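Right, one structure below, let's go through it.
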2 protein chains.
Amino acid sequence: MESSTCADIRSVRETVRPTTIIQSDKLSQLTGAEIIIATETFQITGSFKFRAAYNLVANVPETTLITASSGNFGQAFACAAAMLGKQAIVVMPANSAKVKIDATKSYGARVDLVDTSKKSRAERLAEIALENPGCRVCSAYDDPLVIEGNASLGRELAELNRPFDIVVVPVGGGGLSSGVITGLRKSNRHDIHVIGAEPLMANDAAQSLRAGYVVKLDDEPQTIADGARTVSLGKHNWEVLKDGLTDIVEVPEDRIEEALRLYFNLAHLKVEPTGALTLAAVLTKPDLFVGKKVVCVVSGGNVDLDTYLKVLTRDARGN
Amino acid sequence: MESSTCADIRSVRETVRPTTIIQSDKLSQLTGAEIIIATETFQITGSFKFRAAYNLVANVPETTLITASSGNFGQAFACAAAMLGKQAIVVMPANSAKVKIDATKSYGARVDLVDTSKKSRAERLAEIALENPGCRVCSAYDDPLVIEGNASLGRELAELNRPFDIVVVPVGGGGLSSGVITGLRKSNRHDIHVIGAEPLMANDAAQSLRAGYVVKLDDEPQTIADGARTVSLGKHNWEVLKDGLTDIVEVPEDRIEEALRLYFNLAHLKVEPTGALTLAAVLTKPDLFVGKKVVCVVSGGNVDLDTYLKVLTRDARGN
């Protein structure tokens with residue numbers, strides 16, 4: 001099993017684009033930490049989700065695959081399915097941004113729009129599953145194949161030919177963070193600390209770590225970091241995170257926005273709000289990072305132009 | 001001499017950051033060419049100019065160095081001088097953007113502001129040179145050391161482990177384009193076509209190639225691509241370019257703006273207007289590129305927020 005797992009990860013690594021490493025002297029000067037950016041903005045479909053989606057789609061026997069996603073996973077899933085000759089069905093809320101619906105369709109997926117005021121996405125997912133016997137319903141984070149796919153990023157970081165002390169990873173459902181921890185462990189890099197970065201207003205993971213069990217929020221929190229709006233960690237992710245994270249930083253919304261602006265103005269990098277979480281964590285709890293060599297993982301670059309401009313110009317106009 | 005030149009270039013290559021290679025499926029689909037972006041936005045000081053500045057500052061005996069630049073070269077020059085323990089003096093127009101003055105000062109350079117309505121930058125440069133006996137006055141493009149520094153990018157491209165047919169390079173004074181040609185030639189990659197990208201309203205290089213001699217414009221053309229506002233090619237650059245360029249594309253202003261938006265929206269890349277010239281050239285003369293593997297060199301990412309937002313939102317608002 002271990003050897004087959006390794007073979008699968010290699011196959012993902014042959015397919016995905018290596019993460020892009022960017023040094024930023026200006027961000028380092030600003031934070032007092034040596035900031036090394038590992039950005040997935042230039043990954044296939046513009047986010048790390050392709051790592052997970054490809055590994056999942058490639059390693060299940062089913063040829064019809066269903067998921068619910070209005071964001072990065074839907075696009076990555078649709079793209080991976082197209083590359084591997086499988087049929088993807090993506091359930092999205094009917095009021096999703098047209099650009100996101102179009103992007104998912106552009107990869108050849110069937111998009112199923114659900115009026116979420118009348119029916120939940122989960123209900124609609126179940127209906128479609130019943131209509132498609134033999135299909136597989138796929139989670140964007142709570143699946144060992146997702147963790148394994150994202151572990152490819154941990155392995156890449158483990159093999160970087162520059163030393164670092166800490167890697168900061170955004171935490172939503174826990175797919176990326178558990179993947180990075182798994183990849184580092186498989187590469188025997190137990191010396192590297194993994195610190196989670198979670199929106200304060202969606203701090204179910206921080207609450208879970210304090211409680212010692214998975215805490216579930218009542219409602220989907222409307223943080224600007226839309227990739228971290230999950231109400232709870234996945235159970236497979238929790239198994240890795242509960243003793244794999246050195247710490248977790250709860251990031252206020254204004255810090256997320258500040259980090260997005262700093263990436264643009266000081267590092268020439270366009271990031272999605274969820275991607276700004278890790279630098280925002282460094283700004284929020286500087287004592288954890290000062291004097292350290294810190295890899296900030298940027299999850300992706302897919303963001304509505306209007307949202308992006310609103311955040312970017314709040315700074316320019318001083319309000 | 002040849003061996004010393006090679007040693008110098010290696011020394012630049014040990015110091016500069018390798019260019020960042022980004023594949024863009026969406027830009028490839030849009031243009032019908034396979035677009036491979038080689039971006040210098042993440043280079044030290046945010047543009048390719050550091051390659052030239054470092055090589056120049058490192059290889060002249062003088063310890064006080066003077067240049068006139070309100071843009072990328074001034075910052076790169078100041079940074080290189082600081083790294084190498086030399087004194088840089090940068091002459092800038094008194095009405096330069098404060099951020100640019102501050103950025104140049106932040107590297108420890110002495111900034112000399114000249115009221116260009118009363119005295120030209122060249123006059124002021126001459127005055128300072130006379131006040132500093134033994135100093136060296138440095139050109140941002142018309143110097144073999146500049147060409148040699150920029151040749152480090154040509155060498156990197158020659159060594160890419162992916163095949164390509166064409167490299168498109170922005171043309172201003174000719175420092176980058178002559179450098180890339182020189183680097184490719186020294187790596188024996190005579191098979192690769194180098195195509196220049198020049199603003200139509202600053203088309204002195206295109207005119208020069210047609211005339212067979214260096215054509216000089218009467219006034220500094222106010223193209224949005226401010227890195228290409230030079231009135232003529234340098235004489236050292238012309239010697240390389242006159243038979244080193246396969247072709248040159250004269251790019252209208254609206255294409256430059258369109259390319260800047262496409263980089264942001266489809267490739268998650270923030271580029272300065274001059275950096276958008278090469279993709280703009282592909283959009284302007286598609287027949288030269290369709291079906292080919294094309295490296296688009298992006299010169300840098302240093303752009304005023306206001307200018308950037310103005311161009312970016314022209315698209316969103318449809319006007």
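Letters A, B, ... mark the chains of the structure tokens in the order given; residue numbers begin at 1 per chain; ligand numbers begin at 1, in order shown.
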
Cut-off 7 Å: closest chain B/chain A atom pairs per residue, using only C-alpha atoms, as a Markdown table:
```
| residue | atom | partner | partner_atom | distance |
| --- | --- | --- | --- | --- |
| B:Ile22 | CA | A:Phe42 | CA | 6.6 |
| B:Thr41 | CA | A:His268 | CA | 6.6 |
| B:Phe42 | CA | A:Ile22 | CA | 6.6 |
| B:His268 | CA | A:Lys270 | CA | 5.6 |
| B:Leu269 | CA | A:Lys270 | CA | 6.2 |
| B:Lys270 | CA | A:His268 | CA | 5.6 |
| B:Gly301 | CA | A:His268 | CA | 5.9 |
```

Can you write just those residues out, N, CA, C and O atoms, as an mmCIF file, in the first residue's frame?
```cif
data_model
loop_
_atom_site.group_PDB
_atom_site.id
_atom_site.type_symbol
_atom_site.label_atom_id
_atom_site.label_comp_id
_atom_site.auth_asym_id
_atom_site.auth_seq_id
_atom_site.Cartn_x
_atom_site.Cartn_y
_atom_site.Cartn_z
ATOM 1 N N ILE B 22 6.348 30.929 -16.274
ATOM 2 C CA ILE B 22 4.942 30.644 -16.024
ATOM 3 C C ILE B 22 4.291 30.205 -17.325
ATOM 4 O O ILE B 22 4.429 30.855 -18.355
ATOM 5 N N THR B 41 9.337 40.198 -12.929
ATOM 6 C CA THR B 41 8.634 40.950 -11.877
ATOM 7 C C THR B 41 9.131 40.582 -10.478
ATOM 8 O O THR B 41 8.994 41.369 -9.551
ATOM 9 N N PHE B 42 9.664 39.368 -10.338
ATOM 10 C CA PHE B 42 10.112 38.902 -9.017
ATOM 11 C C PHE B 42 11.636 39.000 -8.874
ATOM 12 O O PHE B 42 12.216 38.485 -7.915
ATOM 13 N N HIS B 268 -3.011 35.826 -13.561
ATOM 14 C CA HIS B 268 -2.736 36.229 -12.177
ATOM 15 C C HIS B 268 -1.398 36.945 -12.022
ATOM 16 O O HIS B 268 -0.731 36.825 -11.000
ATOM 17 N N LEU B 269 -0.999 37.682 -13.053
ATOM 18 C CA LEU B 269 0.306 38.318 -13.020
ATOM 19 C C LEU B 269 0.170 39.839 -13.103
ATOM 20 O O LEU B 269 -0.480 40.367 -13.995
ATOM 21 N N LYS B 270 0.794 40.529 -12.145
ATOM 22 C CA LYS B 270 0.835 42.000 -12.179
ATOM 23 C C LYS B 270 2.070 42.420 -12.968
ATOM 24 O O LYS B 270 3.185 42.102 -12.575
ATOM 25 N N GLY B 301 7.558 44.627 -12.803
ATOM 26 C CA GLY B 301 6.231 44.823 -12.217
ATOM 27 C C GLY B 301 6.050 46.166 -11.531
ATOM 28 O O GLY B 301 5.050 46.382 -10.861
#
```

Show which residues sit within 7 Å of Val294 of chain B, as a PyMOL selection string. Count only C-alpha atoms, and ignore same-chain residues fewer than 5 positions away. chain B and resi 33-36+164-167

Expected file contents, prior selection, N, CA and C atoms, as a tab-separated table (two decimals), in the first residue's frame:
```
chain	number	residue	atom	x	y	z
B	33	ALA	N	-1.02	30.60	-29.85
B	33	ALA	CA	0.41	30.27	-29.70
B	33	ALA	C	0.58	29.61	-28.34
B	34	GLU	N	1.65	28.83	-28.16
B	34	GLU	CA	1.90	28.31	-26.82
B	34	GLU	C	2.69	29.38	-26.07
B	35	ILE	N	2.03	30.02	-25.11
B	35	ILE	CA	2.65	31.16	-24.43
B	35	ILE	C	3.39	30.70	-23.17
B	36	ILE	N	4.68	31.00	-23.14
B	36	ILE	CA	5.52	30.73	-21.97
B	36	ILE	C	6.01	32.09	-21.48
B	164	PHE	N	11.39	25.99	-27.43
B	164	PHE	CA	10.56	27.10	-27.90
B	164	PHE	C	11.17	27.65	-29.19
B	165	ASP	N	10.34	28.36	-29.95
B	165	ASP	CA	10.73	28.82	-31.28
B	165	ASP	C	11.13	30.29	-31.29
B	166	ILE	N	10.40	31.08	-30.48
B	166	ILE	CA	10.52	32.54	-30.56
B	166	ILE	C	10.62	33.10	-29.15
B	167	VAL	N	11.45	34.13	-28.97
B	167	VAL	CA	11.36	34.92	-27.74
B	167	VAL	C	11.04	36.36	-28.14
```

Hey, what's within 10 Å of segment 217-222 of chain B if we count only C-alpha atoms and toss same-chain stuff fewer than 4 positions away? As a PyMOL selection string, please? chain B and resi 199-205+207+226+228-232

Using only all heavy atoms, please write the residues we just selected to a file, as an mmCIF file, in the first residue's frame.
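This went into result_21.cif:
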```cif
data_model
loop_
_atom_site.group_PDB
_atom_site.id
_atom_site.type_symbol
_atom_site.label_atom_id
_atom_site.label_comp_id
_atom_site.auth_asym_id
_atom_site.auth_seq_id
_atom_site.Cartn_x
_atom_site.Cartn_y
_atom_site.Cartn_z
ATOM 1 N N PRO B 199 6.461 50.165 -28.593
ATOM 2 C CA PRO B 199 5.227 50.945 -28.737
ATOM 3 C C PRO B 199 5.212 51.637 -30.107
ATOM 4 O O PRO B 199 6.230 52.199 -30.524
ATOM 5 C CB PRO B 199 5.332 51.993 -27.620
ATOM 6 C CG PRO B 199 6.338 51.473 -26.654
ATOM 7 C CD PRO B 199 7.302 50.656 -27.474
ATOM 8 N N LEU B 200 4.068 51.604 -30.786
ATOM 9 C CA LEU B 200 3.935 52.261 -32.090
ATOM 10 C C LEU B 200 4.288 53.747 -31.982
ATOM 11 O O LEU B 200 4.937 54.314 -32.859
ATOM 12 C CB LEU B 200 2.498 52.085 -32.602
ATOM 13 C CG LEU B 200 2.130 52.774 -33.907
ATOM 14 C CD1 LEU B 200 2.994 52.287 -35.059
ATOM 15 C CD2 LEU B 200 0.649 52.548 -34.227
ATOM 16 N N MET B 201 3.884 54.387 -30.871
ATOM 17 C CA MET B 201 4.139 55.822 -30.757
ATOM 18 C C MET B 201 5.573 56.144 -30.303
ATOM 19 O O MET B 201 5.924 57.317 -30.166
ATOM 20 C CB MET B 201 3.093 56.504 -29.864
ATOM 21 C CG MET B 201 3.126 56.162 -28.416
ATOM 22 S SD MET B 201 1.734 56.981 -27.510
ATOM 23 C CE MET B 201 2.364 58.653 -27.369
ATOM 24 N N ALA B 202 6.390 55.108 -30.104
ATOM 25 C CA ALA B 202 7.816 55.311 -29.774
ATOM 26 C C ALA B 202 8.633 54.359 -30.647
ATOM 27 O O ALA B 202 9.513 53.657 -30.163
ATOM 28 C CB ALA B 202 8.063 55.018 -28.293
ATOM 29 N N ASN B 203 8.318 54.357 -31.951
ATOM 30 C CA ASN B 203 8.840 53.299 -32.835
ATOM 31 C C ASN B 203 10.177 53.644 -33.488
ATOM 32 O O ASN B 203 10.410 53.325 -34.656
ATOM 33 C CB ASN B 203 7.796 52.963 -33.907
ATOM 34 C CG ASN B 203 7.594 54.111 -34.895
ATOM 35 O OD1 ASN B 203 8.036 55.224 -34.622
ATOM 36 N ND2 ASN B 203 6.957 53.836 -36.015
ATOM 37 N N ASP B 204 11.068 54.261 -32.728
ATOM 38 C CA ASP B 204 12.374 54.610 -33.305
ATOM 39 C C ASP B 204 13.172 53.378 -33.726
ATOM 40 O O ASP B 204 13.894 53.411 -34.720
ATOM 41 C CB ASP B 204 13.203 55.443 -32.323
ATOM 42 C CG ASP B 204 13.434 54.712 -31.022
ATOM 43 O OD1 ASP B 204 12.505 54.673 -30.193
ATOM 44 O OD2 ASP B 204 14.532 54.153 -30.836
ATOM 45 N N ALA B 205 13.019 52.271 -33.009
ATOM 46 C CA ALA B 205 13.783 51.070 -33.383
ATOM 47 C C ALA B 205 13.255 50.497 -34.693
ATOM 48 O O ALA B 205 14.046 50.115 -35.572
ATOM 49 C CB ALA B 205 13.712 50.022 -32.271
ATOM 50 N N GLN B 207 11.732 52.167 -37.029
ATOM 51 C CA GLN B 207 12.186 53.095 -38.073
ATOM 52 C C GLN B 207 13.665 52.881 -38.395
ATOM 53 O O GLN B 207 14.074 52.915 -39.553
ATOM 54 C CB GLN B 207 11.980 54.545 -37.609
ATOM 55 C CG GLN B 207 10.533 55.003 -37.575
ATOM 56 C CD GLN B 207 10.436 56.509 -37.318
ATOM 57 O OE1 GLN B 207 11.150 57.304 -37.930
ATOM 58 N NE2 GLN B 207 9.559 56.894 -36.395
ATOM 59 N N ASP B 226 6.360 53.234 -20.083
ATOM 60 C CA ASP B 226 7.342 54.272 -19.770
ATOM 61 C C ASP B 226 8.784 53.778 -19.843
ATOM 62 O O ASP B 226 9.702 54.590 -19.937
ATOM 63 C CB ASP B 226 7.040 54.939 -18.420
ATOM 64 C CG ASP B 226 6.966 53.931 -17.282
ATOM 65 O OD1 ASP B 226 7.008 52.714 -17.550
ATOM 66 O OD2 ASP B 226 6.857 54.359 -16.119
ATOM 67 N N ALA B 228 9.915 52.382 -22.360
ATOM 68 C CA ALA B 228 10.282 52.413 -23.788
ATOM 69 C C ALA B 228 10.144 53.822 -24.349
ATOM 70 O O ALA B 228 9.884 54.011 -25.534
ATOM 71 C CB ALA B 228 9.407 51.429 -24.568
ATOM 72 N N ARG B 229 10.314 54.826 -23.468
ATOM 73 C CA ARG B 229 10.162 56.222 -23.908
ATOM 74 C C ARG B 229 11.461 56.826 -24.448
ATOM 75 O O ARG B 229 11.552 58.027 -24.667
ATOM 76 C CB ARG B 229 9.652 57.086 -22.744
ATOM 77 C CG ARG B 229 8.174 56.894 -22.469
ATOM 78 C CD ARG B 229 7.678 57.804 -21.362
ATOM 79 N NE ARG B 229 6.294 57.489 -21.028
ATOM 80 C CZ ARG B 229 5.686 57.876 -19.907
ATOM 81 N NH1 ARG B 229 6.348 58.591 -19.006
ATOM 82 N NH2 ARG B 229 4.436 57.553 -19.669
ATOM 83 N N THR B 230 12.487 56.019 -24.631
ATOM 84 C CA THR B 230 13.767 56.504 -25.152
ATOM 85 C C THR B 230 13.594 57.031 -26.583
ATOM 86 O O THR B 230 12.793 56.513 -27.347
ATOM 87 C CB THR B 230 14.785 55.351 -25.171
ATOM 88 O OG1 THR B 230 14.099 54.171 -25.580
ATOM 89 C CG2 THR B 230 15.372 55.128 -23.798
ATOM 90 N N VAL B 231 14.365 58.057 -26.920
ATOM 91 C CA VAL B 231 14.228 58.663 -28.253
ATOM 92 C C VAL B 231 15.028 57.918 -29.318
ATOM 93 O O VAL B 231 14.771 58.076 -30.511
ATOM 94 C CB VAL B 231 14.638 60.154 -28.257
ATOM 95 C CG1 VAL B 231 13.653 60.980 -27.440
ATOM 96 C CG2 VAL B 231 16.049 60.349 -27.726
ATOM 97 N N SER B 232 15.993 57.096 -28.898
ATOM 98 C CA SER B 232 16.734 56.310 -29.892
ATOM 99 C C SER B 232 17.417 55.129 -29.220
ATOM 100 O O SER B 232 17.614 55.109 -28.002
ATOM 101 C CB SER B 232 17.803 57.162 -30.591
ATOM 102 O OG SER B 232 18.879 57.407 -29.703
#
```

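The coordinates place atom CA of Leu262 of chain B at 25.1 Å from atom CA of Gly154 of chain B.
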
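The coordinates place atom CA of Val91 of chain A at 13.4 Å from atom CA of Arg136 of chain A.
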
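Atom CA of Gly173 of chain A to atom CA of Ala225 of chain A spans 12.5 Å [interatomic distance, one decimal].
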
Find the residues near Asp115 of chain B: any atom within 8 Å, counting only C-alpha atoms, skip ones fewer than 3 places away on the same chain, and give them as a ChimeraX atom specification. /B:93-95,118-120
